[in-house]
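Before any comments, here is the structure.
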Amino acid sequence: MKLLSRQEEVVLLSIWKLKGNAYGVTVREYISEITGKYWSIGSIYVPLDRLVEKGLVTTYQGLPTKRRGGRSKRFYEITPEGMKVLAEMRQVQRILWKDFPEVTAENNK
Amino acid sequence: MKKPPHMAEWLLGRFLLLHNCSPVLGDFEELYNDMIESRGKAAADLWYWSQLAKSFPGFISGHAYWGFVLFRNYLKVTLRSIGRHRSFSFINIFGLALGLSCTLFISLWVLDELSFDRFHEKTERLYRIESDEEYSGYSMHSITSPPPLAPVLPGEIPEVEAAARFTRFGGMQLRYQDHSFFEPQIRATDTSFFRMFSFPLLKGDPDTALRDPFSIVISRRMAAKYFGEDDPLGCVIQAENRFDLKVTGIIQDPPGNSTLQFDWIVPFVFVEQNLRRLPEGWSDAISTFVLLREGMEADPVEPKITELILRNQGKQTRTVYQLAPLKRLRLYSIYGRGELVGTVKYVYIFSLIALFVILIACINFMNLSTARSAQRAREIGMRKVVGAQRGDLIRQFYGESLLYTLCALCLAVLWVILLLPVFRTISGKPMSLAALGTRPVLLAGVAITFLTVLLAGSYPALLLSSLKPVRVLSRLGKSERKSIFRSTLVVVQFSLSIFLIIGTVVVYSQTRFMKGRDLGYDRSQLLTIPLRGEVGGSYPALKNRLQQEPSILNVTAMGRRPTMIADYARDAGWAGKDPDQDVRVVFAAVDYEFIETLGLELMEGRTFSRDYTTDAKEAFLINEEAAKLIGRESAVGTPFTMFGRPGTVIGVLKNFHFQPLRREIQPLAFLLAPNPNWLGNIVVRFSPENTAATLASIEKVWKEVLPTYPFEYVFVDEDYSQFYRREERVGQLLGNFSFLAVFIACLGLFGLASFVVEQRTKEIGIRKVLGASVSAIMISLCKEFVRLVVFSVLIAWPLAYLWARSWLDDFAYRIRLGPAVFLLTGLLALVIALLTVSFQAVRAARANPADALQYE
C-alpha cells in the first residue's frame with residue numbers, strides 16, 4: 001500500500017471535499033481555512049504535483065477566465081486509485097487510533 | 001479586472017521551475033485580483049512582488065545545482081570526445097593554436113605601430129610643421145621648415161605655447177679620454193624641447209640643460225658606452241677635436257615606439273654658431289615641432305604660420321604650411337608627391353592577414369566538428385530526448401569550442417614566447433616579453449579568443465543543436481548529405497590561402513626586381529667613404545694617395561651617396577625657360593672623374609675635364625629628364641643657371657637611378673664642387689680581385705692621412721639594398737604567414753579527407769570487390785576536393801590581381817604582372833591539396849576490401 005505524507009493526505013482530502021471545484025486557489029483557501037495556517041501557493045503545488053505523479057489525482061483544463069488574465073484553471077479530480085488510497089489511509093488510522101483516550105489540547109499540557 | 005505588474009509577472013514566469021507554469025500564474029493573478037478587492041491595489045502589488053522575491057532563492061539554487069551537474073557532464077563528454085578522436089582534436093587544437101599565435105604576433109606588431117608617439121603627455125597638442133610646395137603641374141610635400149621660425153613662433157602666434165627645432169646635422173666626432181667615436185645620432189634642439197616632449201631626464205635639470213651653447217645631453221646607453229659606471233654629469237666631451245661640451249643631463253633612451261630617435265642632444269644655438277652646416281635664412285631646412293595651447297585647433301593656426309614664413313622669406317611662392325599631428329606621423333606621414341611613407345598600409349595589410357589566418361583556422365574547426373556530426377548525433381538525440389532544450393545544447397557546444405580555444409591559446413602563448421626573438425629580428429622591432437603583459441595586448445588576446453570561439457563555435461553549435469532526435473535516433477540521420485556550406489568554407493579557406501601566396505610572390509618578386517635592377521651604372525666593386533664633419537679638407541691628399549694604390553681603379557667624390565641624391569634646387573633656369581614654369585631640379589656637387597668612376601653613359605657632349613678651365617665654375621652635366629625639360633633638340637651648349645651661378649650645359653647623361661625605385665627619375669644636374677666642403681663622400685672603384693686586401697690598403701692610407709678619425713666605408717650595392725629592407729621585411733612576414741595559412745588549410749583538408757574516406761570505407765570496399773582499380777578509386781575520392789580547389793583558384797585570382805596592382809602602384813618602376821604568377825600559384829595550390837588528400841586516399845584505396853566489409 002502507498003503511504004501518503006500528511007500534506008498529501010490533507011490536499012487529497014480537500015480535493016475530494018471540493019468536488020469539481022478543486023484548483024490551486026480553492027484548494028489553498030480551503031486548507032488555510034481548516035488548519036488556520038498560511039499556506040503559500042508553492043506549498044500547495046508541491047504535494048499536488050506529487051499526487052499527480054502517483055496517479056491519485058488527474059487534471060483537466062478549465063475555460064480561461066478574465067480574472068486570471070486569460071489563463072485557464074487546472075482542475076484536479078480524485079481518481080479511483082486515489083479513493084482507494086484514502087480508504088486505506090483511514091483504515092490504518094483507525095487501527096492506530098483505536099483505544100486512544102479522548103483528550104483535548106488543554107489536558108495535554 | 002486588473003493585471004499584475006507586467007515586469008513582475010514575466011519574471012515570475014521565468015523563475016518558476018515548473019514546465020507548465022501557465023495555470024500557476026493564473027492562480028497568482030486570481031489571488032492578486034482578490035487582494036485588490038479586499039486590500040487595495042498597492043497592497044496587492046506589494047504582495048505580488050513579495051511572491052517573486054520568495055521564489056528567487058529556489059530559482060538560484062536550483063539552477064546552480066543543475067548547472068553544475070550539467071557542466072560536469074559536458075566537460076566529461078568533451079574530454080572523452082577529444083580523447084576518442086585524437087587526430088581530429090589534434091588538427092583542431094594545433095590549427096587553432098597556429099592561427100592564434102599568428103594573430104597574436106600580428107597584434108603585437110600592429111599595437112606597437114599604433115602606440116607610436118602616444119607616450120608623450122602632451123601628444124594631443126604636438127605638431128610638426130610640414131608644407132606643400134607648388135610646382136608647375138604638381139606639388140611636393142616637405143617636412144622641413146625654416147630654422148629661424150621656432151624662436152619667434154610663440155611671440156608671433158598666440159595659439160602656440162612653445163616651439164622647438166629638432167634636426168640631425170650630420171653627426172660629430174666625439175671624444176672622452178680614450179673613447180673616441182663618430183656619433184651619427186646627434187640632434188640639435190631648443191631649450192623648450194624637454195617641456196614639450198616626455199623624454200624624462202634621469203639626471204640634470206630639464207629647464208637649464210640646454211641653456212649653455214656648449215652643453216650636451218646624453219642617452220643612458222651612450223653614458224654606459226663612454227663612461228661605464230662613472231657619473232657623466234659635469235664631465236667634458238670633446239667634439240670634432242675643437243669644442244668642449246659639458247654633459248648637463250642624462251636622458252632615458254627614447255622608447256622603440258618613438259618617431260624621434262637620438263642618442264645625443266646639443267643646443268641648436270651651438271650648431272648654428274659653431275658649425276656651418278645648416279643653411280642660413282628662411283629657407284626650409286629643419287624640422288620644427290609646435291605645442292599648441294590647450295583647446296586650440298590646428299586649422300586656424302596654419303594660415304598664420306604660412307603667412308609668417310612667407311613674409312620673412314620675402315618671396316612669392318604658393319607654398320602652404322601645415323601642422324601635422326605628432327601622433328599621426330608614424331602611420332600617415334607623406335612625402336614627395338604624396339607618397340605615403342607612413343606604415344598605416346602595412347597595419348591594414350597585416351590586420352587583414354591576421355583575420356585571414358584565424359578565419360582559416362576557425363573554418364577547420366567548423367568543418368571538422370560538423371563533419372563528425374553523425375557521430376555526435378546520438379548523444380545530441382539522447383540529450384534532447386531526456387529533455388535538453390536547444391539553448392542547453394548551444395551552450396554545450398559553445399563551451400566545447402571555448403575549451404578547444406583555451407587549449408590552443410595556451411599553446412599559442414607558449415609559441416609566441418619562444419619565437420619572440422625570431423619575430424624581433426624579422427620585424428625589426430625591439431619587442432620584449434614585457435610587451436606581452438601590457439593592457440592593450442592582453443585585451444587584444446581576450447578579444448581574439450572570444451572572436452575565435454564565436455567564429456569557430458557558432459556554426460557547429462547552431463547546426464548540431466538543430467538535429468531532430470527522431471531522425472537521428474532512427475538511423476535515418478546516418479545518411480550524411482553533402483554539405484554545401486562545408487564546401488563553401490573550404491573554398492573560402494583556399495581562396496584566402498591562394499590570395500596570400502600570390503601576394504607573397506608579388507612582394508618577393510618586386511623586391512628582387514628592385515634589388516637586381518640595372519641602375520645605369522655598375523654598383524658592384526664600388527664603395528663610398530663618408531667624409532664627416534671636418535675631414536673634408538683632407539680629401540685632395542686622400543685622393544692623391546689612394547690613386548697610387550694598384551687595386552684602386554678610380555677615385556672621385558660627391559656631396560651625397562650615389563644611391564640617394566635628393567638635394568633640390570628651385571631656382572634652376574635655362575635659356576628659353578617659360579618664366580611661369582616652376583620646377584625643381586635635383587643637384588649634386590661632384591669631383592672630376594665622377595662620371596668615369598660610376599661608369600655613367602654619356603649621350604651627348606662631354607664630361608667635366610681639367611682641360612677646360614671654365615668647367616670648375618660654369619659647367620653643368622644634366623640627365624635625360626632635365627634635357628627633356630629644356631626641350632631643345634640638343635641641350636648641349638644651352639646656358640643654364642643654378643643658385644644664381646651662370647653656366648652652360650656641357651653634356652647629357654643617359655638616365656640612371658639615383659633614388660629608390662619608388663620614385664621616378666627626376667631632372668638632375670651635376671656641377672663641380674666649388675670647394676672640398678661640398679664633398680661628403682669619397683667614391684672608390686676597385687678591382688674585383690681580393691676585396692679584403694683592397695680594403696686594408698684603403699684603411700692604411702686613411703690612417704696615414706687622418707690618424708685620429710675612424711675609418712668607415714659603405715659598399716654601394718649594400719647601401720642600395722638597404723632601401724628595400726622594408727619591402728624585404730614585409731615579404732618575409734608575408735611569406736611566413738602565408739605558409740602558415742596554407743599549412744593550416746591543408747591540416748583541415750587532411751582531416752576532412754580522412755573523414756570522407758572513413759565514411760566511404762564500405763563503398764570503397766564494394767568498388768574494389770567489383771573490380772575497381774586503385775587509381776579509379778583515388779580519382780573518385782579526389783575529384784570533389786580538386787573541384788573545390790579549382791573554384792578557390794578562380795575566386796582568388798581576380799582579388800589577388802586587384803590587390804597586387806594597387807600595391808605595385810606605389811613603385812615608379814615595377815614588375816609586369818604576367819599570368820605566370822597566377823598560373824603557377826594555382827597549380828601549386830592544386831598540387832598541395834592533391835598531395836594532402838591523396839595521402840588519405842591512397843591508404844583507403846589500397847586497403848584490403850575484406851577488412852572494410854567483414855562487419856555487417
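Chain labels A, B, ... are given in the sequence in which chains occur in the C-alpha cells; within each chain residues are numbered consecutively from 1, and ligands are likewise numbered from 1 in the order shown.
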Fewer than 4 positions away in the same chain doesn't count, so skip those; otherwise give me all residues within 8 Å of region 61-77 of chain A, counting only C-alpha atoms, as a PyMOL selection string. (chain A and resi 15-16+19-24+57) or (chain B and resi 1-3+22-23+25-30+33)
Between CA of Asn736 (chain B) and CA of Tyr720 (chain B), what distance in Å does the model show, to one decimal? 24.9 Å
A:Ile95, A:Met89, A:Val27, A:Ile41: which is nearest Arg6 (chain A), counting only C-alpha atoms?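 Of all the options, A:Met89 lies closest to Arg6 (chain A).
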Strand (DSSP E) call set, DSSP backbone run, region 38-71 of chain A, as a list in words: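 Restricting region 38-71 of chain A to strand (DSSP E) produces Val57, Thr58, Thr59, Tyr60, Gln61, Gly62, Leu63, Pro64, Thr65 and Arg71 of chain A.
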I'd like to know which residues of region 349-490 of chain B are alpha helix (DSSP H) (by DSSP, run on the backbone); could you write them as an NGL selection string? :B and (349-371 or 373-385 or 390-427 or 439-465 or 469-473 or 484-490)
Skipping near chain neighbours, those fewer than 6 positions away, what residues fall within 9 Å of Val490 (chain B) using only C-alpha atoms, listed as a PyMOL selection string? chain B and resi 360+363-364+367+745+748-749+785+788-789+792
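By chain and then residue number, the residues within 12 Å of Gln173 (chain B) are Gly170, Gly171, Arg175, Tyr176, His179, Ser180, Phe181, Phe182, Glu183, Pro184, Gln185, Ile186, Ile237, Gln238, Ala239, Glu240, Asn241, Arg242, Phe243, Asp244, Leu531, Arg532, Gly533, Glu534, Val535, Thr708, Tyr709, Pro710 and Phe711 of chain B, counting only C-alpha atoms and disregarding those fewer than 2 positions away in sequence.
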d(CA of Ser838 (chain B), CA of Phe755 (chain B)) in Å: 13.0 Å
Given the choices B:Ser136, B:Ser474, B:Thr563, B:Thr306, which gets closest to Asp717 (chain B) if the distance is worked out from only C-alpha atoms?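 Smallest distance to Asp717 (chain B) is found for B:Thr563.
Distance-wise, CA of Val837 (chain B) and CA of Leu770 (chain B) end up 23.8 Å apart.
For the choices A:Gly55, A:Tyr60, A:Phe100, A:Ile44, the atom-to-atom distance to Gly82 (chain A) is smallest for A:Gly55 when using only C-alpha atoms.
Residue nearest chain A within the list B:Pro562, B:Gly58, B:Gly387, B:Gly342: B:Gly58 [criterion: smallest interatomic distance, only C-alpha atoms].
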